[in-house]
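Data block below; observations after.
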Amino acid sequence: MNGTPLFNRVALIGFGLIGGSIARAAREQGLAGEITTTARSGKSRARIKELGIVDCVVETNAKAVEDADLVILCVPVGACAEVTQEIAGHLKAGAIVSDVGSVKAAVVRDMAPYLPPGTHFVPAHPVAGTEHSGPDSGFAELFINRWCILTPPDGTDPDAVERLRAFWGALGAKVEIMTADHHDLVLAITSHLPHLIAYTIVGTADELGQVTSSEVMKFSAGGFRDFTRIAASDPIMWRDVFLANKEAVLEMLGTFNEDLSRLTRAIRRGDGEALYEHFSRTRAIRRGIVEIGQDSAAPDFGRPHAQLGKKAE
Ligand code: NAP
């Protein structure tokens, strides 16, 4: 354990990839006097106890939040409303309530109405993840150098926002604040659409009867292999993301389809100039991402995180 605790008691509702990573990192950094957690199934709760990372594993969401100064919902977006109703009557006065959902406007809509006066609601989204899930999938380094976006509704107590910002900063994340609607639009293009494309392309190859053929995997190099990894992401989590961020995803899909049609036309017409121009532009974008330190220029197979199967969400 390092540092001074930022919160006396932290409650994590859900202990999968994200909840488990927060617990591991918070423990390593000494950010919580005590960490309490729970999961939906007895099987997961038993496994969390075995792991011995948190101080207390309880049976119900209501019990988990008792006396907690910081409560973080680490459950699929679609479960946030139900969980908030369960915990609302058990929150300590002055508690900060947050989440980690990949969609923000729907989470605010689903949670805010149930939270009692005197608690502080600061929604958050750590933009970091892998395709793995469950109690064993988390790791303390997940958030290092990744963004965590906070989307506090108008009128949120600035002290509560600052305390949560400090918590995420201590977990290793770079914190940015924006509105929930803006978050959803940005993430629709940077995360949600790429996942939809991966789910589509792997499904298409499967329909051609080629995904499992050894030749496809053997010669797939980075491209198709990366798609299969992304398409292995948790089906419940991603079902909820597309249901909750419908409007922004549909808007981005419209633009994407137009661009795809343009490239289709260029291929059909043998318009090499248009293809070259487009690919040069996207190459420059990739170089910009490397320059600002959001990825490495090293080949995938040479990166330590590639071996662990990690990727930015
Ligand atoms: P996960 O590994 O599948 O873990 C989900 C956890 O929530 C499990 O412990 C599950 O319990 C528990 N849970 C589900 N419903 C519950 C309920 N009603 N009450 C209490 N616990 C419940 O999922 P994850 O990847 O950590 O994702 C969690 C959240 O993080 C999602 O909202 C997602 O959008 C967001 N997020 C994910 C990523 C990513 O890359 N995975 C990145 C950033 C943000 P059981 O094990 O018993 O089912």
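By order of appearance in the structure tokens: chains A, B, ..., then residues from 1 within every chain, and ligands from 1 in the order shown.
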
(message) Using only C-alpha atoms and all ligand atoms, which residues have at least one atom no more than 6 Å from ligand 1? Output them as a PyMOL selection string.
(response) chain A and resi 13-19+39-41+44+74-77+79+83+100-102+125-130+133-134+237+313

(request) Mind checking which residues fall within 9 Å of Leu6 of chain A, counting only C-alpha atoms, ignoring those fewer than 2 positions away in the same chain, and posting them as a list of chain:residue names? (result)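 In the requested format, the answer is A:Gly3, A:Thr4, A:Asn8, A:Gly30, A:Leu31, A:Ala32, A:Gly33, A:Arg163, A:Ala166, A:Phe167.
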
Taking N, CA and C atoms for each residue, export the selection above as a short mmCIF file (atom, residue, chain, number, x, y, z; two decimals), in the first residue's frame.
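Result file is selection-v4.cif:
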```
data_model
loop_
_atom_site.label_atom_id
_atom_site.label_comp_id
_atom_site.auth_asym_id
_atom_site.auth_seq_id
_atom_site.Cartn_x
_atom_site.Cartn_y
_atom_site.Cartn_z
N GLY A 3 0.41 5.74 -0.29
CA GLY A 3 -0.38 6.93 0.04
C GLY A 3 -1.44 6.91 1.12
N THR A 4 -2.08 8.07 1.28
CA THR A 4 -3.14 8.25 2.26
C THR A 4 -4.47 7.94 1.59
N ASN A 8 -12.71 6.77 3.11
CA ASN A 8 -12.68 5.77 4.18
C ASN A 8 -13.20 4.43 3.69
N GLY A 30 -3.35 2.36 -2.05
CA GLY A 30 -3.82 2.73 -0.72
C GLY A 30 -4.85 3.84 -0.73
N LEU A 31 -5.78 3.80 -1.71
CA LEU A 31 -6.72 4.92 -1.88
C LEU A 31 -7.98 4.80 -1.03
N ALA A 32 -8.20 3.61 -0.46
CA ALA A 32 -9.43 3.40 0.32
C ALA A 32 -9.08 2.77 1.66
N GLY A 33 -9.70 3.30 2.73
CA GLY A 33 -9.50 2.68 4.04
C GLY A 33 -10.00 1.25 3.98
N ARG A 163 -12.95 15.39 -5.89
CA ARG A 163 -12.54 14.18 -5.15
C ARG A 163 -12.51 12.96 -6.08
N ALA A 166 -9.51 13.21 -8.33
CA ALA A 166 -8.28 12.82 -7.63
C ALA A 166 -8.18 11.29 -7.53
N PHE A 167 -9.31 10.64 -7.29
CA PHE A 167 -9.33 9.18 -7.19
C PHE A 167 -8.87 8.55 -8.51
#
```

(message) Measuring between only C-alpha atoms, which one of A:Asp67, A:Glu162, A:Asp184, A:Glu50 shows the shortest distance to Asp136 of chain A?
(response) A:Glu50

(request) Skip Leu70 of chain A itself and residues of its chain fewer than 3 positions away, then list as a ChimeraX atom specification all residues within 8 Å of it, counting only C-alpha atoms. (result) /A:7,9-11,95-98

Selected residues, all heavy atoms, written as a PDB file, in the first residue's frame, please.
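What ended up in part.pdb:
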```
ATOM      1  N   PHE A   7     -10.658   7.968   0.449  1.00  0.00           N
ATOM      2  CA  PHE A   7     -12.001   7.675   0.961  1.00  0.00           C
ATOM      3  C   PHE A   7     -11.882   6.629   2.068  1.00  0.00           C
ATOM      4  O   PHE A   7     -11.059   5.720   1.970  1.00  0.00           O
ATOM      5  CB  PHE A   7     -12.893   7.112  -0.161  1.00  0.00           C
ATOM      6  CG  PHE A   7     -13.185   8.118  -1.235  1.00  0.00           C
ATOM      7  CD1 PHE A   7     -12.397   8.178  -2.377  1.00  0.00           C
ATOM      8  CD2 PHE A   7     -14.232   9.025  -1.102  1.00  0.00           C
ATOM      9  CE1 PHE A   7     -12.653   9.113  -3.369  1.00  0.00           C
ATOM     10  CE2 PHE A   7     -14.492   9.969  -2.086  1.00  0.00           C
ATOM     11  CZ  PHE A   7     -13.696  10.010  -3.226  1.00  0.00           C
ATOM     12  N   ARG A   9     -14.351   4.464   3.032  1.00  0.00           N
ATOM     13  CA  ARG A   9     -14.898   3.204   2.523  1.00  0.00           C
ATOM     14  C   ARG A   9     -15.382   3.373   1.085  1.00  0.00           C
ATOM     15  O   ARG A   9     -16.185   4.262   0.796  1.00  0.00           O
ATOM     16  CB  ARG A   9     -16.056   2.718   3.394  1.00  0.00           C
ATOM     17  CG  ARG A   9     -16.620   1.399   2.879  1.00  0.00           C
ATOM     18  CD  ARG A   9     -17.726   0.874   3.728  1.00  0.00           C
ATOM     19  NE  ARG A   9     -17.219   0.300   4.974  1.00  0.00           N
ATOM     20  CZ  ARG A   9     -17.973  -0.406   5.806  1.00  0.00           C
ATOM     21  NH1 ARG A   9     -19.235  -0.601   5.557  1.00  0.00           N
ATOM     22  NH2 ARG A   9     -17.450  -0.890   6.911  1.00  0.00           N
ATOM     23  N   VAL A  10     -14.894   2.504   0.219  1.00  0.00           N
ATOM     24  CA  VAL A  10     -15.322   2.509  -1.187  1.00  0.00           C
ATOM     25  C   VAL A  10     -16.156   1.250  -1.415  1.00  0.00           C
ATOM     26  O   VAL A  10     -15.741   0.151  -1.026  1.00  0.00           O
ATOM     27  CB  VAL A  10     -14.098   2.515  -2.137  1.00  0.00           C
ATOM     28  CG1 VAL A  10     -14.543   2.347  -3.595  1.00  0.00           C
ATOM     29  CG2 VAL A  10     -13.299   3.814  -1.974  1.00  0.00           C
ATOM     30  N   ALA A  11     -17.323   1.425  -2.051  1.00  0.00           N
ATOM     31  CA  ALA A  11     -18.155   0.274  -2.402  1.00  0.00           C
ATOM     32  C   ALA A  11     -18.156   0.098  -3.915  1.00  0.00           C
ATOM     33  O   ALA A  11     -18.437   1.047  -4.654  1.00  0.00           O
ATOM     34  CB  ALA A  11     -19.585   0.490  -1.906  1.00  0.00           C
ATOM     35  N   ALA A  95     -22.483  10.852   0.452  1.00  0.00           N
ATOM     36  CA  ALA A  95     -21.762   9.877  -0.377  1.00  0.00           C
ATOM     37  C   ALA A  95     -21.669  10.359  -1.827  1.00  0.00           C
ATOM     38  O   ALA A  95     -22.593  11.001  -2.339  1.00  0.00           O
ATOM     39  CB  ALA A  95     -22.479   8.530  -0.330  1.00  0.00           C
ATOM     40  N   ILE A  96     -20.542  10.033  -2.455  1.00  0.00           N
ATOM     41  CA  ILE A  96     -20.407  10.283  -3.894  1.00  0.00           C
ATOM     42  C   ILE A  96     -20.809   8.991  -4.598  1.00  0.00           C
ATOM     43  O   ILE A  96     -20.316   7.908  -4.260  1.00  0.00           O
ATOM     44  CB  ILE A  96     -18.952  10.648  -4.257  1.00  0.00           C
ATOM     45  CG1 ILE A  96     -18.564  11.978  -3.592  1.00  0.00           C
ATOM     46  CG2 ILE A  96     -18.781  10.724  -5.769  1.00  0.00           C
ATOM     47  CD1 ILE A  96     -17.090  12.353  -3.774  1.00  0.00           C
ATOM     48  N   VAL A  97     -21.736   9.113  -5.548  1.00  0.00           N
ATOM     49  CA  VAL A  97     -22.177   7.939  -6.308  1.00  0.00           C
ATOM     50  C   VAL A  97     -21.697   8.110  -7.749  1.00  0.00           C
ATOM     51  O   VAL A  97     -21.929   9.156  -8.363  1.00  0.00           O
ATOM     52  CB  VAL A  97     -23.720   7.795  -6.278  1.00  0.00           C
ATOM     53  CG1 VAL A  97     -24.145   6.561  -7.067  1.00  0.00           C
ATOM     54  CG2 VAL A  97     -24.213   7.718  -4.832  1.00  0.00           C
ATOM     55  N   SER A  98     -21.030   7.081  -8.266  1.00  0.00           N
ATOM     56  CA  SER A  98     -20.503   7.161  -9.616  1.00  0.00           C
ATOM     57  C   SER A  98     -20.745   5.838 -10.332  1.00  0.00           C
ATOM     58  O   SER A  98     -21.337   4.910  -9.773  1.00  0.00           O
ATOM     59  CB  SER A  98     -19.009   7.503  -9.569  1.00  0.00           C
ATOM     60  OG  SER A  98     -18.522   7.758 -10.859  1.00  0.00           O
TER      61      SER A  98
END
```

(message) I need the residues in segment 95-142 of chain A that are alpha helix (DSSP H) according to DSSP; give them as JSON, numbers by chain.
(response) {"A": [105, 106, 107, 108, 109, 110, 111]}

Pull N, CA and C atoms from the residues just selected and write them as a PDB file, in the first residue's frame.
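Contents of result39.pdb, freshly written:
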```pdb
ATOM      1  N   ALA A 105     -25.372   9.483 -21.243  1.00  0.00           N
ATOM      2  CA  ALA A 105     -26.681  10.153 -21.123  1.00  0.00           C
ATOM      3  C   ALA A 105     -27.735   9.183 -20.579  1.00  0.00           C
ATOM      4  N   ALA A 106     -27.747   7.958 -21.064  1.00  0.00           N
ATOM      5  CA  ALA A 106     -28.747   6.992 -20.617  1.00  0.00           C
ATOM      6  C   ALA A 106     -28.538   6.632 -19.141  1.00  0.00           C
ATOM      7  N   VAL A 107     -27.276   6.576 -18.719  1.00  0.00           N
ATOM      8  CA  VAL A 107     -26.984   6.249 -17.317  1.00  0.00           C
ATOM      9  C   VAL A 107     -27.459   7.385 -16.407  1.00  0.00           C
ATOM     10  N   VAL A 108     -27.217   8.620 -16.830  1.00  0.00           N
ATOM     11  CA  VAL A 108     -27.688   9.764 -16.033  1.00  0.00           C
ATOM     12  C   VAL A 108     -29.220   9.713 -15.948  1.00  0.00           C
ATOM     13  N   ARG A 109     -29.857   9.467 -17.086  1.00  0.00           N
ATOM     14  CA  ARG A 109     -31.329   9.393 -17.109  1.00  0.00           C
ATOM     15  C   ARG A 109     -31.833   8.277 -16.191  1.00  0.00           C
ATOM     16  N   ASP A 110     -31.121   7.147 -16.175  1.00  0.00           N
ATOM     17  CA  ASP A 110     -31.572   5.977 -15.410  1.00  0.00           C
ATOM     18  C   ASP A 110     -31.261   6.064 -13.916  1.00  0.00           C
ATOM     19  N   MET A 111     -30.187   6.783 -13.556  1.00  0.00           N
ATOM     20  CA  MET A 111     -29.772   6.783 -12.147  1.00  0.00           C
ATOM     21  C   MET A 111     -30.233   8.015 -11.377  1.00  0.00           C
TER      22      MET A 111
END
```

(request) Would you please extract all strand (DSSP E or B) residues from segment 45-179 of chain A, as assigned by DSSP on the backbone, and give them as a PyMOL selection string? (result) chain A and resi 56-57+70-73+96-99+120-121+124-126+129-130+147-150+174-177

(message) If I take atom CA of Ala112 of chain A and atom CA of Phe242 of chain A, how far is one from the other in Å, to one decimal?
(response)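 Those two atoms sit 20.7 Å apart.
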